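**Student:** Take a look at this one; I'll ask things after.
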Amino acid sequence: MIDLRSDTVTQPTPGMMAAMMGARVGDDVFGEDPTVNALEQRTAALFGLEAGLFVPSGTMANQIAVRVHCRTQDEILLETTSHICLWEAGGAAALSGVTLRTLDSPTGDGLLGDSDFADKVRPDDMHSVRTRLVCLENTHNRGGGTVYSPDAINAISRWARHHKLGMHLDGARVWNAIVKTGVPAKVWGSMFDTVNVCFSKGLGTPVGSMLLGPKDLIAHGRRVRKLFGGAMRQIGFLAAACDYALDHHISRLAEDHANAKVVADAVAEVPGFTLKPHEVETNLVWFEVDARHGSAKEVAERLKAKGVLVAPLGTRVIRAVTHLDVSREQCMKAAEAIHSLV
Ligand SMILES: *Cc1c(COP(=O)(O)O)cnc(C)c1O
């Protein structure tokens, strides 16, 4: 099977396993895991931020960020199809008593501009929630793996700072944005208060995300991580995999991006399949199937019979994702299978 359902399906490589097995570990709840401490410092420095907090998932990193930026009766401004809004099980409401004010992407690709935020700060009035935080997602998952320009984020960040709002980046896939644009991590980090990065998507580790930010917020986040059940013990074994991925798995994301183009080109040639967006920028290929092909689920089943797994994520919507564990050759085979649906 050629598994294009997600970049989360990767297996650790032999080099990564060796790094894990050789890790020095300690009890991280006591702050005594040297490998975790080093990874937190290394990743924070990479983004030019003060401190890091290793957590089990991207969802937890985002939800800790919500909690440390906001109080109950606060509101977050974010794009309608963002991960925090669609796929975190209602966490902001359930865990932090925070409302989400969704802004539609005018370009339909998940990206926002500073003009979309105009007039979105609530009046200082007891009837209103307090506008408190802006969350952006880069790359944007549901938007199609789309990449912000640093200029666009900078304009939003200036607006947010002018209104004394926090800025959080859901950068689960920010590595893809770094490789695609060549803009270094520090530049992206400079435009936010807090950043969530993920090691278990494109970077291919079994577990791990990190929340980055100023020392005081991260110290608060450490307390919240305990509350949310995310404080763990000898997790240097996991951190060692992440450290290995920072050394070996970032620049190779360019291969995933090139492979996604191979898959996307095949999709574009099938009448009744429409790439959304038309141009695939990174490793996510989102497309819609029209009624002549049946439902997305039926198309996924037909592809499965040809040895290719994709993810139907709606009645008409399919996502195919390239990653560490699919080669160029396998993507060409997947492209043939897609072609054969004509
Ligand atoms: C996957 C993802 C997350 C959540 O990560 P989990 O580790 O699955 O909880 C958050 N944001 C974005 C943009 C993602 O792609």
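Residue numbers start at 1 in each chain; chains themselves are named A, B, ... in the order of the structure tokens; ligands are numbered from 1 in the order shown.
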Which protein, DNA or RNA residues have an atom within 10 Å of ligand 1, counting only C-alpha atoms and all ligand atoms, as a ChimeraX atom specification?

**Tutor:** /A:6-8,55-63,82-88,136-143,145,169-174,196-202,207-210

**Student:** Skipping near chain neighbours, those fewer than 5 positions away, what residues fall within 8 Å of A:Gly48 using only C-alpha atoms, listed as an mmCIF file with C-alpha atoms, in the first residue's frame?

**Tutor:**
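Produced file result_13.cif, reproduced below:
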```
data_model
loop_
_atom_site.group_PDB
_atom_site.id
_atom_site.type_symbol
_atom_site.label_atom_id
_atom_site.label_comp_id
_atom_site.auth_asym_id
_atom_site.auth_seq_id
_atom_site.Cartn_x
_atom_site.Cartn_y
_atom_site.Cartn_z
ATOM 1 C CA ALA A 185 12.635 29.966 11.470
ATOM 2 C CA LYS A 186 13.833 33.083 13.336
ATOM 3 C CA GLY A 189 9.294 33.374 15.221
ATOM 4 C CA SER A 190 9.892 37.136 15.443
#
```

**Student:** When DSSP is applied to the backbone of this structure, which of stretch 81-110 of chain A are assigned alpha helix (DSSP H)? Write them out as an MDAnalysis selection string.

**Tutor:** chainID A and resid 83:86 91:96

**Student:** Hey, which bits of stretch 229-338 of chain A sit within 12 Å of stretch 11-14 of chain A, and for each residue what's the closest pair of atoms and how far apart in Å (one decimal), counting only C-alpha atoms, rows by chain and increasing number, as a Markdown table?

**Tutor:**
```
| residue | atom | partner | partner_atom | distance |
| --- | --- | --- | --- | --- |
| A:Leu238 | CA | A:Pro12 | CA | 10.8 |
| A:Ala240 | CA | A:Pro12 | CA | 11.6 |
| A:Ala241 | CA | A:Pro12 | CA | 8.1 |
| A:Cys242 | CA | A:Pro12 | CA | 10.5 |
| A:Tyr244 | CA | A:Thr13 | CA | 10.1 |
| A:Ala245 | CA | A:Pro12 | CA | 9.7 |
| A:His248 | CA | A:Thr13 | CA | 10.7 |
| A:His249 | CA | A:Thr13 | CA | 10.6 |
| A:His323 | CA | A:Gln11 | CA | 10.6 |
| A:Leu324 | CA | A:Gln11 | CA | 8.7 |
| A:Asp325 | CA | A:Gln11 | CA | 7.4 |
| A:Val326 | CA | A:Gln11 | CA | 11.0 |
```

**Student:** Would you mind listing, for every residue of stretch 189-284 of chain A within 10 Å of stretch 157-164 of chain A, the two atoms forming the shortest contact and the distance between them in Å to one decimal, using only C-alpha atoms, sorted by chain and ascending residue number, as a Markdown table?

**Tutor:**
```
| residue | atom | partner | partner_atom | distance |
| --- | --- | --- | --- | --- |
| A:Ser190 | CA | A:Ser157 | CA | 9.7 |
| A:Met191 | CA | A:Ser157 | CA | 6.0 |
| A:Phe192 | CA | A:Ser157 | CA | 7.1 |
| A:Asp193 | CA | A:Ser157 | CA | 9.7 |
```

**Student:** Taking into account only C-alpha atoms, which residue in the set A:His168, A:Arg319, A:Arg130, A:Lys215 is nearest to A:Val267?

**Tutor:**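 Under the stated criterion, the closest residue is A:Arg319.
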